[in-house]
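Visitor: Got final28.tsv for you, TSV, C-alpha atoms:
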```tsv
chain	number	residue	atom	x	y	z
H	6	MET	CA	-96.14	70.26	-154.14
H	7	ALA	CA	-98.88	70.49	-156.73
H	8	PRO	CA	-97.70	70.97	-160.33
H	9	SER	CA	-99.43	74.35	-160.60
H	10	GLU	CA	-97.66	75.82	-157.52
H	11	ASN	CA	-94.15	77.06	-157.08
H	12	LYS	CA	-92.06	76.85	-153.89
H	13	LYS	CA	-93.54	80.06	-152.45
H	14	GLY	CA	-97.10	78.67	-152.47
H	15	ILE	CA	-98.31	80.96	-155.23
H	16	THR	CA	-100.24	79.57	-158.17
H	17	PRO	CA	-99.52	80.70	-161.73
H	18	SER	CA	-102.55	82.97	-161.56
H	19	GLY	CA	-100.91	84.86	-158.68
H	20	ALA	CA	-103.36	83.77	-155.97
H	21	LYS	CA	-101.92	82.53	-152.72
H	22	GLU	CA	-102.65	78.93	-151.84
H	23	ASP	CA	-104.63	79.84	-148.71
H	24	ALA	CA	-106.93	82.19	-150.64
H	25	GLY	CA	-109.77	79.67	-150.48
H	26	LYS	CA	-109.65	79.50	-146.70
H	27	GLU	CA	-112.15	81.64	-144.81
H	28	LYS	CA	-110.78	84.12	-142.32
H	29	PRO	CA	-112.40	84.04	-138.88
H	30	PRO	CA	-114.96	86.81	-138.44
H	31	GLU	CA	-113.67	89.91	-136.71
H	32	THR	CA	-115.25	90.58	-133.36
H	33	PRO	CA	-116.31	94.14	-132.61
H	34	PRO	CA	-114.14	95.88	-130.03
H	35	THR	CA	-115.40	95.78	-126.46
H	36	GLU	CA	-115.23	98.68	-124.04
H	37	GLU	CA	-112.52	96.83	-122.15
H	38	SER	CA	-110.43	96.33	-125.29
H	39	LEU	CA	-110.78	100.05	-126.03
H	40	GLY	CA	-109.41	100.83	-122.58
H	41	LEU	CA	-112.47	102.44	-121.03
H	42	SER	CA	-112.24	102.95	-117.29
H	43	PRO	CA	-114.92	101.60	-114.92
H	44	TYR	CA	-116.05	105.24	-114.50
H	45	GLU	CA	-116.64	105.56	-118.25
H	46	HIS	CA	-118.27	102.13	-118.39
H	47	PHE	CA	-120.73	103.07	-115.62
H	48	LYS	CA	-121.65	106.24	-117.53
H	49	THR	CA	-122.10	104.27	-120.76
H	50	LEU	CA	-124.45	101.83	-119.04
H	51	GLY	CA	-126.55	104.71	-117.69
H	52	ARG	CA	-126.84	106.23	-121.15
H	53	LYS	CA	-127.80	102.88	-122.69
H	54	ILE	CA	-130.54	102.51	-120.08
H	55	GLY	CA	-131.92	105.88	-121.10
H	56	VAL	CA	-130.75	108.29	-118.40
H	57	ASN	CA	-129.96	111.73	-119.85
H	58	ASP	CA	-126.32	112.79	-120.17
H	59	GLN	CA	-126.34	115.52	-117.51
H	60	LEU	CA	-127.92	113.25	-114.92
H	61	VAL	CA	-125.55	110.41	-115.80
H	62	GLU	CA	-122.58	112.70	-115.11
H	63	VAL	CA	-123.89	113.78	-111.69
H	64	ILE	CA	-124.86	110.24	-110.64
H	65	THR	CA	-121.56	108.76	-111.80
H	66	ASP	CA	-119.63	111.40	-109.86
H	67	HIS	CA	-121.73	110.65	-106.77
H	68	ILE	CA	-121.17	106.89	-107.05
H	69	SER	CA	-117.47	107.30	-107.78
H	70	ASN	CA	-116.66	109.96	-105.16
H	71	GLY	CA	-119.12	108.98	-102.43
H	72	GLY	CA	-118.04	105.39	-101.92
H	73	ASN	CA	-116.51	102.31	-103.49
H	74	TYR	CA	-118.00	101.80	-106.95
H	75	LYS	CA	-117.03	98.10	-106.71
H	76	ASP	CA	-119.35	97.66	-103.72
H	77	ILE	CA	-122.70	96.79	-105.28
H	78	LYS	CA	-124.56	97.67	-102.06
H	79	TRP	CA	-123.05	101.16	-102.16
H	80	VAL	CA	-124.00	101.53	-105.83
H	81	TYR	CA	-127.65	100.73	-105.05
H	82	ARG	CA	-127.60	103.08	-102.06
H	83	GLY	CA	-125.98	105.82	-104.15
H	84	LEU	CA	-128.59	105.42	-106.88
H	85	SER	CA	-131.29	105.65	-104.23
H	86	GLU	CA	-129.69	108.77	-102.71
H	87	MET	CA	-129.80	110.38	-106.15
H	88	ALA	CA	-133.56	109.65	-106.31
H	89	ILE	CA	-133.35	107.41	-109.37
H	90	ARG	CA	-136.63	105.65	-110.12
H	91	ASP	CA	-136.69	102.10	-108.77
H	92	ASP	CA	-137.01	100.44	-112.17
H	93	ILE	CA	-134.09	102.38	-113.65
H	94	GLY	CA	-131.96	102.02	-110.51
H	95	SER	CA	-132.58	98.28	-110.40
H	96	ARG	CA	-131.69	97.91	-114.06
H	97	TRP	CA	-128.56	100.07	-113.79
H	98	GLY	CA	-127.46	98.29	-110.63
H	99	ALA	CA	-128.08	94.86	-112.14
H	100	VAL	CA	-126.02	95.51	-115.28
H	101	TRP	CA	-123.28	97.12	-113.19
H	102	GLY	CA	-123.28	94.06	-110.92
H	103	ARG	CA	-122.89	91.80	-113.95
H	104	TYR	CA	-119.97	93.93	-115.12
H	105	LEU	CA	-118.34	93.57	-111.69
H	106	GLN	CA	-119.34	89.89	-111.67
H	107	LYS	CA	-121.10	90.39	-108.35
H	108	SER	CA	-124.55	89.20	-107.44
H	109	LEU	CA	-127.50	91.36	-106.56
H	110	PRO	CA	-127.74	92.22	-102.84
H	111	LEU	CA	-130.19	89.88	-101.11
H	112	GLU	CA	-132.61	92.65	-100.12
H	113	LYS	CA	-132.78	93.91	-103.73
H	114	SER	CA	-133.34	90.37	-104.99
H	115	VAL	CA	-136.16	89.77	-102.51
H	116	GLN	CA	-137.68	93.20	-103.25
H	117	ARG	CA	-137.68	92.53	-107.01
H	118	LYS	CA	-139.12	89.04	-106.57
H	119	SER	CA	-141.93	90.24	-104.27
H	120	ARG	CA	-142.78	93.07	-106.68
H	121	TRP	CA	-142.97	90.54	-109.55
H	122	VAL	CA	-145.26	88.27	-107.52
H	123	LYS	CA	-147.48	91.23	-106.57
H	124	ASP	CA	-147.69	92.35	-110.19
H	125	ARG	CA	-148.58	88.83	-111.35
H	126	ARG	CA	-151.50	88.65	-108.89
H	127	SER	CA	-153.10	91.79	-110.29
```
Do you think you could lay out the structure here as structure tokens?
Guide:
Amino acid sequence: MAPSENKKGITPSGAKEDAGKEKPPETPPTEESLGLSPYEHFKTLGRKIGVNDQLVEVITDHISNGGNYKDIKWVYRGLSEMAIRDDIGSRWGAVWGRYLQKSLPLEKSVQRKSRWVKDRRS
């Protein structure tokens, strides 16, 4: 024990001995840590993409009630049934697939790749 510390680890100035140690930075809470359901998460993703609140509600209800929201093929089909623009539907489906840790359906992957190639030729 250092001469300036007592048995409790407090220096004469009153500071604790670990006061010089840096605390690890606090991580911001995630949606999962806050307890958001997949339903709420899907809605949040739609809002972040830029879909208006009323449309997000209707689309989320359609995806949730019309099929299995964990089936990425159904999600893409449901977005298509709700007449979501291709660019927004692809983006929403892709981020939802990442959340579910599922890959993009092959036909969507091929469609996106061919569109990119076509756009690059122009």
Visitor: Of the candidates H:Asp58, H:Asp66, H:Asp76, H:Glu45, which shows the shortest atom-to-atom distance to Lys107 (chain H), using only C-alpha atoms?
Guide: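 Comparing H:Asp58, H:Asp66, H:Asp76, H:Glu45 against Lys107 (chain H), the winner is H:Asp76.
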Visitor: So which residues touch Arg52 (chain H) within 12 Å, counting all atoms listed in the file, skipping near sequence neighbours fewer than 3 positions away, as JSON, numbers by chain?
Guide: {"H": [45, 46, 47, 48, 49, 55, 56, 57, 58, 59, 60, 61, 62, 64, 65, 93, 96, 97]}
Visitor: Just need the box for region 99-103 of chain H, edges along x, y and z, holding every atom the file lists for it with 5 Å tacked onto each side, so centre and edge lengths in Å to one decimal, as JSON.
Guide:
```
{"center_x": -125.5, "center_y": 94.5, "center_z": -113.1, "size_x": 15.2, "size_y": 15.3, "size_z": 14.4}
```
Visitor: Fewer than 5 positions away in the same chain doesn't count, so skip those; otherwise give me all residues within 12 Å of Arg82 (chain H), counting all atoms listed in the file, as a PDB file with C-alpha atoms, keeping the file's coordinate frame.
Guide:
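Output (part_34.pdb):
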```
ATOM      1  CA  ILE H  64    -124.860 110.240-110.640  1.00  0.00           C
ATOM      2  CA  HIS H  67    -121.730 110.650-106.770  1.00  0.00           C
ATOM      3  CA  ILE H  68    -121.170 106.890-107.050  1.00  0.00           C
ATOM      4  CA  GLY H  71    -119.120 108.980-102.430  1.00  0.00           C
ATOM      5  CA  GLY H  72    -118.040 105.390-101.920  1.00  0.00           C
ATOM      6  CA  ASN H  73    -116.510 102.310-103.490  1.00  0.00           C
ATOM      7  CA  TYR H  74    -118.000 101.800-106.950  1.00  0.00           C
ATOM      8  CA  ASP H  76    -119.350  97.660-103.720  1.00  0.00           C
ATOM      9  CA  ILE H  77    -122.700  96.790-105.280  1.00  0.00           C
ATOM     10  CA  MET H  87    -129.800 110.380-106.150  1.00  0.00           C
ATOM     11  CA  ALA H  88    -133.560 109.650-106.310  1.00  0.00           C
ATOM     12  CA  ILE H  89    -133.350 107.410-109.370  1.00  0.00           C
ATOM     13  CA  ASP H  91    -136.690 102.100-108.770  1.00  0.00           C
ATOM     14  CA  GLY H  94    -131.960 102.020-110.510  1.00  0.00           C
ATOM     15  CA  SER H  95    -132.580  98.280-110.400  1.00  0.00           C
ATOM     16  CA  GLY H  98    -127.460  98.290-110.630  1.00  0.00           C
ATOM     17  CA  PRO H 110    -127.740  92.220-102.840  1.00  0.00           C
ATOM     18  CA  GLU H 112    -132.610  92.650-100.120  1.00  0.00           C
ATOM     19  CA  LYS H 113    -132.780  93.910-103.730  1.00  0.00           C
TER      20      LYS H 113
END
```
Visitor: What does the distance between CA of Gly102 (chain H) and CA of Val63 (chain H) come to in Å, to one decimal place?
Guide: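 So the answer is 19.7 Å.
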Visitor: Quote the spacing between CA of Leu41 (chain H) and CA of Arg90 (chain H) in Å to one decimal place.
Guide: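 Separation of CA of Leu41 (chain H) and CA of Arg90 (chain H): 26.7 Å.
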Visitor: State, in Å with one decimal place, the distance from CA of Ile54 (chain H) to CA of Pro30 (chain H).
Guide: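 So the answer is 28.7 Å.
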